[in-house]
Amino acid sequence: MADTATPEIAVHADAHADHGAGHATSTGLSNNKLAMWMFLGSECLLFGGLISTYMLYRGRHDGSPSPSQLYNLPLTSVSSFVLLMSSLTMVLAVSAAQREDERTCSTWLTVTALLGATFVGAQVFEFTEFYHEGLGFTTNLFGSSFYTLTGFHGVHVTVGIIMLMALVGMLNRGKIPGNRAEVVEMIGLYWHFVDIVWIVIFTLVYLIPS
Amino acid sequence: MSTETTVDHSHNDHDSHDDAHVSHTASKHGHGLTDLGYVKVAIILAVMTGAEVTLTYMHLPGGVFMALLLTLMVLKFWTVVSFFMHLRFDNRIFTWLFYTGLILAVCVYVIALSTFQFFASS
């Protein structure tokens, strides 16, 4: 979407730059935010494909432990709770950024990254346990589809952690140009998306027996 | 659920913009619940997660179990998207963008699963 070049709107954009309001675009909305929502919409298709593939193949586990024998529901429930709470700390970071309280924002972002790292750690532990119980990536179609789906999600969480830590570093050094609250909000949107994907995976993969 | 908001109406001077409605909505960018409101939403989400896990130990009839689990899943999804991702307070274009992708994905994969007779076996 092309930015409008009229001086009047440009002046308005400058006036509101610090508040993240009234973007000088043809829609009046932030192009970055539009692009992020479009990206998240497209990610629904990616994860939809992976979840559907898992649903199709979860019963194909000939000669190896079945999903209900493998899954450690208490562990996954705790890690799901941890990821859910990381969404709370993320939204508190966004709220602090909108109040221009950078110290609090950095603290909440760091807590979010730590909670995310806890989730990834639990996932690595789970994968290791499954492997020792005889479920490798190429053992059967269930194993391949399970590791691909949860592995893709884990990679998304890991990328989110890297972005959070980079953001904390840039905030502390004052190296974020333009509207800082919007940058924090963009990363927040990505993080919440990772959380909502896990809400679906937790129910369809772990809670509903095959 | 708390719906208390911290709305900032101080940036509504875009009268010259072609689309006054869009401009006004855009000017409300950057608001949502208070911090306490977010904590309340998180508590509701935690309770729903607890309810989901409890359901798996209750040995309910298959149809009831599935209906309850899927309802809780959709409610949790909607709560995070609406409150934590601010879609409830933000411009509707973002809502359309996201839900278009989501609905498209659901339709495409329900059709794909149907072609594999995924739903027939149950």
# chains A, B, ... in the order shown; residues from 1 in each chain; ligands from 1

call {"tool": "interface_residues", "arguments": {"of": "chain A", "to": "chain B", "cutoff": "7 Å", "atoms": "only C-alpha atoms", "output": "ChimeraX atom specification"}}
result
/A:20-22,27-29,34,37-38,40-42,44-45,48-49,52,56,81,85,88,91-92,98,189,192,196,199-200,203,207

call {"tool": "select_by_dssp", "arguments": {"residues": "stretch 19-189 of chain A", "states": "alpha helix (DSSP H)", "output": "ChimeraX atom specification"}}
result
/A:31-57,67-70,73-98,102-132,141-173,180-189

call {"tool": "atom_distance", "arguments": {"atom1": "atom CA of A:Leu50", "atom2": "atom CA of A:His156"}}
result
13.6 Å

call {"tool": "closest_residue", "arguments": {"among": "A:Met36, A:Leu73, A:Val205, A:Ala117", "to": "A:Tyr147", "atoms": "only C-alpha atoms"}}
result
A:Val205

call {"tool": "closest_residue", "arguments": {"among": "A:Phe47, A:Val183, A:Gly134, A:Leu115", "to": "A:Phe152", "atoms": "only C-alpha atoms"}}
result
A:Phe47

call {"tool": "residues_around", "arguments": {"residues": "stretch 160-166 of chain A", "least_positions_apart": "2", "cutoff": "8 Å", "atoms": "only C-alpha atoms", "output": "tab-separated table (two decimals) with N, CA and C atoms, in the first residue's frame"}}
result
chain	number	residue	atom	x	y	z
A	109	LEU	N	9.29	-8.40	28.77
A	109	LEU	CA	9.78	-9.11	27.57
A	109	LEU	C	10.75	-10.22	27.97
A	110	THR	N	11.60	-9.92	28.95
A	110	THR	CA	12.56	-10.93	29.41
A	110	THR	C	11.84	-12.11	30.07
A	112	THR	N	8.82	-13.06	29.43
A	112	THR	CA	8.16	-13.78	28.33
A	112	THR	C	9.14	-14.74	27.66
A	113	ALA	N	10.36	-14.25	27.39
A	113	ALA	CA	11.38	-15.09	26.75
A	113	ALA	C	11.73	-16.28	27.64
A	116	GLY	N	8.96	-18.78	27.48
A	116	GLY	CA	9.04	-19.45	26.18
A	116	GLY	C	10.15	-20.50	26.19
A	117	ALA	N	11.29	-20.15	26.80
A	117	ALA	CA	12.41	-21.09	26.87
A	117	ALA	C	12.03	-22.31	27.72
A	156	HIS	N	8.91	-22.05	15.80
A	156	HIS	CA	8.26	-20.73	15.87
A	156	HIS	C	8.48	-20.10	17.25
A	157	VAL	N	8.36	-20.92	18.31
A	157	VAL	CA	8.58	-20.38	19.67
A	157	VAL	C	10.02	-19.92	19.80
A	158	THR	N	10.95	-20.73	19.29
A	158	THR	CA	12.37	-20.39	19.38
A	158	THR	C	12.68	-19.08	18.65
A	168	VAL	N	14.79	-6.74	23.49
A	168	VAL	CA	15.24	-6.24	24.80
A	168	VAL	C	16.59	-5.53	24.64
A	169	GLY	N	17.50	-6.16	23.89
A	169	GLY	CA	18.81	-5.55	23.65
A	169	GLY	C	18.69	-4.21	22.96
A	170	MET	N	17.84	-4.15	21.94
A	170	MET	CA	17.68	-2.90	21.17
A	170	MET	C	16.99	-1.82	22.02
A	187	ILE	N	5.87	-7.80	17.60
A	187	ILE	CA	6.46	-9.03	18.13
A	187	ILE	C	5.44	-9.71	19.05
A	190	TYR	N	3.01	-11.77	16.99
A	190	TYR	CA	3.63	-13.05	16.59
A	190	TYR	C	3.60	-14.02	17.77
A	191	TRP	N	3.96	-13.52	18.96
A	191	TRP	CA	4.03	-14.39	20.14
A	191	TRP	C	2.64	-14.94	20.50

call {"tool": "atom_distance", "arguments": {"atom1": "atom CA of A:Trp198", "atom2": "atom CA of A:Val78"}}
result
12.7 Å
